[in-house]
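Participant: Input structure: entry_37.txt, which contains compact mmCIF, C-alpha atoms.
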# COMPACT_ATOMS: atom_id res chain seq x y z
CA PRO A 9 116.90 55.85 149.19
CA PHE A 10 113.46 57.45 149.58
CA VAL A 11 111.48 54.32 148.72
CA GLY A 12 113.47 52.36 151.30
CA ARG A 13 112.72 54.95 153.96
CA LEU A 14 109.08 54.94 152.99
CA MET A 15 108.87 51.15 153.27
CA ALA A 16 110.63 51.22 156.65
CA GLY A 17 108.27 53.91 157.88
CA LEU A 18 105.20 52.05 156.63
CA SER A 19 106.22 48.97 158.58
CA LYS A 20 106.29 51.02 161.80
CA VAL A 21 102.81 52.53 161.45
CA SER A 22 100.92 50.71 164.18
CA SER A 23 98.71 53.15 166.08
CA ASP A 24 95.99 55.66 165.32
CA ARG A 25 98.45 58.47 165.98
CA ASP A 26 101.04 56.89 163.66
CA GLU A 27 98.42 56.65 160.92
CA ARG A 28 97.45 60.33 161.27
CA GLU A 29 101.11 61.34 161.16
CA TRP A 30 101.84 59.12 158.15
CA VAL A 31 99.20 60.72 155.89
CA SER A 32 101.50 63.45 154.54
CA TYR A 33 104.22 60.90 153.71
CA GLN A 34 101.69 58.75 151.89
CA ARG A 35 100.48 61.83 150.02
CA GLY A 36 104.07 62.37 148.88
CA ALA A 37 104.24 58.75 147.72
CA ARG A 38 102.09 59.78 144.74
CA HIS A 39 105.31 60.98 143.15
CA ILE A 40 107.15 57.67 143.44
CA HIS A 41 108.19 56.47 140.01
CA LEU A 42 107.88 52.69 140.04
CA SER A 43 109.96 51.11 137.31
CA THR A 44 110.93 47.83 135.67
CA HIS A 45 113.87 49.37 133.78
CA SER A 46 116.38 47.19 135.61
CA ALA A 47 116.14 44.15 137.85
CA GLU A 48 117.05 46.34 140.84
CA GLN A 49 114.30 48.87 140.05
CA ALA A 50 111.74 46.13 139.42
CA GLY A 51 112.67 44.52 142.73
CA ALA A 52 112.36 47.82 144.60
CA SER A 53 108.98 48.49 142.96
CA MET A 54 107.75 45.04 143.92
CA ARG A 55 109.00 45.41 147.51
CA TYR A 56 107.24 48.76 147.76
CA LEU A 57 103.96 47.28 146.52
CA LYS A 58 104.29 44.43 149.01
CA ALA A 59 105.00 46.89 151.85
CA VAL A 60 101.94 48.96 150.95
CA ALA A 61 99.80 45.82 150.76
CA ALA A 62 100.98 44.76 154.22
CA ALA A 63 100.34 48.24 155.62
CA MET A 64 96.86 48.28 154.07
CA GLY A 65 96.02 45.25 156.20
CA ARG A 66 96.77 47.26 159.35
CA THR A 67 95.28 50.62 158.33
CA SER A 68 92.05 51.85 159.86
CA ARG A 69 92.08 55.67 159.37
CA GLY A 70 90.00 56.76 156.41
CA VAL A 71 92.29 59.65 155.47
CA LEU A 72 95.28 57.30 155.24
CA ARG A 73 93.26 54.78 153.26
CA LEU A 74 92.31 57.57 150.85
CA GLU A 75 95.93 58.60 150.34
CA MET A 76 97.05 54.99 149.89
CA CYS A 77 94.45 54.49 147.17
CA ARG A 78 95.28 57.75 145.43
CA SER A 79 99.04 57.25 145.50
CA LEU A 80 98.74 53.67 144.25
CA SER A 81 96.39 54.71 141.47
CA GLU A 82 98.87 57.29 140.21
CA SER A 83 102.02 55.19 140.66
CA LEU A 84 100.55 52.05 139.12
CA SER A 85 99.22 54.00 136.13
CA ARG A 86 102.65 55.49 135.42
CA LEU A 87 104.26 52.03 135.63
CA MET A 88 101.68 49.90 133.84
CA ALA A 89 100.47 52.34 131.15
CA PRO A 90 103.37 54.72 130.49
CA GLU A 91 102.48 55.08 126.82
CA LEU A 92 99.39 57.04 127.95
CA LEU A 93 101.48 59.69 129.70
CA VAL A 94 102.09 63.11 128.19
CA PRO A 95 104.59 62.76 126.59
CA PRO A 96 104.21 59.02 126.01
CA ASP A 97 106.92 56.72 127.38
CA GLU A 98 107.15 53.93 124.82
CA THR A 99 110.37 52.61 126.38
CA GLY A 100 108.62 52.21 129.72
CA ALA A 101 105.73 50.43 128.03
CA SER A 102 108.13 47.99 126.37
CA GLU A 103 109.94 47.39 129.67
CA TRP A 104 106.62 46.70 131.42
CA ARG A 105 105.55 44.16 128.78
CA GLU A 106 108.94 42.45 128.98
CA TYR A 107 108.74 42.31 132.78
CA CYS A 108 105.25 40.77 132.63
CA SER A 109 106.49 38.03 130.34
CA SER A 110 109.26 37.11 132.79
CA GLY A 111 109.00 34.77 135.75
CA SER A 112 109.68 37.71 138.08
CA ALA A 113 106.20 39.08 137.52
CA VAL A 114 104.49 36.29 139.48
CA GLU A 115 105.43 37.87 142.80
CA TRP A 116 104.35 41.32 141.51
CA TRP A 117 100.88 40.03 140.62
CA SER A 118 100.55 38.43 144.05
CA ALA A 119 101.23 41.78 145.74
CA PHE A 120 98.95 43.52 143.22
CA SER A 121 96.17 41.08 144.12
CA ALA A 122 96.70 41.70 147.84
CA VAL A 123 96.32 45.47 147.32
CA TYR A 124 93.14 44.88 145.33
CA SER A 125 91.75 42.59 148.06
CA HIS A 126 92.40 45.16 150.79
CA ALA A 127 90.72 47.91 148.77
CA ALA A 128 87.71 45.63 148.18
CA ARG A 129 87.49 44.85 151.88
CA TRP A 130 87.65 48.55 152.80
CA ALA A 131 84.94 49.41 150.26
CA GLN A 132 82.67 46.65 151.53
CA ARG A 133 83.08 47.44 155.22
CA LYS A 134 82.71 51.22 155.17
CA ALA A 135 80.48 53.05 152.69
CA ALA A 136 82.41 56.32 153.09
CA HIS A 137 85.55 54.56 151.82
CA ALA A 138 83.86 52.95 148.84
CA PRO A 139 84.32 55.81 146.32
CA PHE A 140 88.11 56.01 146.52
CA CYS A 141 88.50 52.24 146.94
CA LEU A 142 86.32 51.52 143.93
CA ASP A 143 88.25 54.11 141.92
CA LEU A 144 91.51 52.29 142.69
CA MET A 145 89.96 48.90 142.00
CA ALA A 146 88.59 50.02 138.62
CA ARG A 147 91.97 51.48 137.70
CA MET A 148 93.73 48.27 138.74
CA LEU A 149 91.36 46.13 136.69
CA ALA A 150 91.85 48.36 133.65
CA LEU A 151 95.64 48.29 134.02
CA ALA A 152 95.81 44.53 134.57
CA SER A 153 93.57 43.97 131.52
CA ARG A 154 95.82 45.88 129.11
CA ASP A 155 97.64 43.98 126.38
CA GLY A 156 100.99 42.78 127.70
CA SER A 157 100.05 43.18 131.37
CA ALA A 158 98.70 39.70 131.91
CA PRO A 159 100.60 37.65 134.48
CA GLY A 160 103.02 35.43 132.63
CA GLY A 161 102.97 37.47 129.44
CA PRO A 162 100.65 39.00 126.89
CA ALA A 163 97.03 37.90 127.11
So that I can check it, write out the structure of this file as structure tokens.

Facilitator:
Amino acid sequence: PFVGRLMAGLSKVSSDRDEREWVSYQRGARHIHLSTHSAEQAGASMRYLKAVAAAMGRTSRGVLRLEMCRSLSESLSRLMAPELLVPPDETGASEWREYCSSGSAVEWWSAFSAVYSHAARWAQRKAAHAPFCLDLMARMLALASRDGSAPGGPA
């Protein structure tokens, strides 16, 4: 569905013009609801994160980098800390902890690390990009440090 189209579109972004045109789609990606409710949803969420990480490696436009960081910050927060939502999603929190304790999470954390590395590289190379990159990086560190989010199970 939509996530599949988004991943396919991300893989085709290869020029400055493509990046400018992709910004509005990436802005809409803020509303993607990543999930680990089922194996299919967890797989789709992981594939999406991997696709974004790959696209981050090719992205040079600041406005697209900004939207990637913002959309990831929102989507990852909803997935990895759903009990903090209003109203809280305790079922989602339980599903996330269960997913993290499974062997499937290893690939997720690899993609998560790749996203973090790209954001760090962007922040280091261009001062104007540092604020939104550092915001994402701080959010990612906080989310990964939560009880039950540790790779391979609860910390």

Participant: Looking at only C-alpha atoms, which of A:Trp117, A:Phe140, A:Tyr56, A:Trp104 is the one that sits closest to Arg73 of chain A?

Facilitator: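 Distance minimum relative to Arg73 of chain A lands on A:Phe140.
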
Participant: With all atoms listed in the file as the basis for distance, which of A:Val60, A:Ala150, A:Ser32, A:Glu98 is at the shortest distance from Cys77 of chain A?

Facilitator: A:Val60

Participant: With all atoms listed in the file as the atoms that count, which of A:Ser157, A:Ser110, A:Ser79, A:Gln49 lies nearest to Val31 of chain A?

Facilitator: A:Ser79

Participant: Applying 9 Å and all atoms listed in the file, which residues near segment 144-146 of chain A remain after dropping the ones on its own chain fewer than 4 positions away? List them as a CSV table (one decimal) with C-alpha atoms, keeping the file's coordinate frame.

Facilitator:
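Result file follows (around.csv):
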chain,number,residue,atom,x,y,z
A,77,CYS,CA,94.4,54.5,147.2
A,78,ARG,CA,95.3,57.8,145.4
A,80,LEU,CA,98.7,53.7,144.2
A,81,SER,CA,96.4,54.7,141.5
A,123,VAL,CA,96.3,45.5,147.3
A,124,TYR,CA,93.1,44.9,145.3
A,125,SER,CA,91.8,42.6,148.1
A,127,ALA,CA,90.7,47.9,148.8
A,128,ALA,CA,87.7,45.6,148.2
A,139,PRO,CA,84.3,55.8,146.3
A,140,PHE,CA,88.1,56.0,146.5
A,150,ALA,CA,91.8,48.4,133.6
A,151,LEU,CA,95.6,48.3,134.0

Participant: Quick one: which segment 36-114 of chain A residues come within 12 Å of segment 18-22 of chain A, and what is the nearest atom pair for each with the distance in Å to one decimal, counting all atoms listed in the file, rows ordered by chain and ascending number, as a tab-separated table?

Facilitator:
residue	atom	partner	partner_atom	distance
A:Ala37	CA	A:Leu18	CA	11.2
A:Arg55	CA	A:Leu18	CA	11.9
A:Tyr56	CA	A:Leu18	CA	9.7
A:Leu57	CA	A:Leu18	CA	11.2
A:Lys58	CA	A:Ser19	CA	10.8
A:Ala59	CA	A:Leu18	CA	7.0
A:Val60	CA	A:Leu18	CA	7.2
A:Ala61	CA	A:Leu18	CA	10.1
A:Ala62	CA	A:Ser19	CA	8.0
A:Ala63	CA	A:Leu18	CA	6.3
A:Met64	CA	A:Leu18	CA	9.5
A:Gly65	CA	A:Ser22	CA	10.8
A:Arg66	CA	A:Ser22	CA	7.2
A:Thr67	CA	A:Ser22	CA	8.1
A:Ser68	CA	A:Ser22	CA	9.9
A:Arg69	CA	A:Ser22	CA	11.2
A:Leu72	CA	A:Val21	CA	10.9
A:Met76	CA	A:Leu18	CA	11.0

Participant: One decimal, in Å: what's the spacing between atom CA of Asp26 of chain A and atom CA of Val71 of chain A?

Facilitator: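 Spanning atom CA of Asp26 of chain A to atom CA of Val71 of chain A is a straight-line distance of 12.3 Å.
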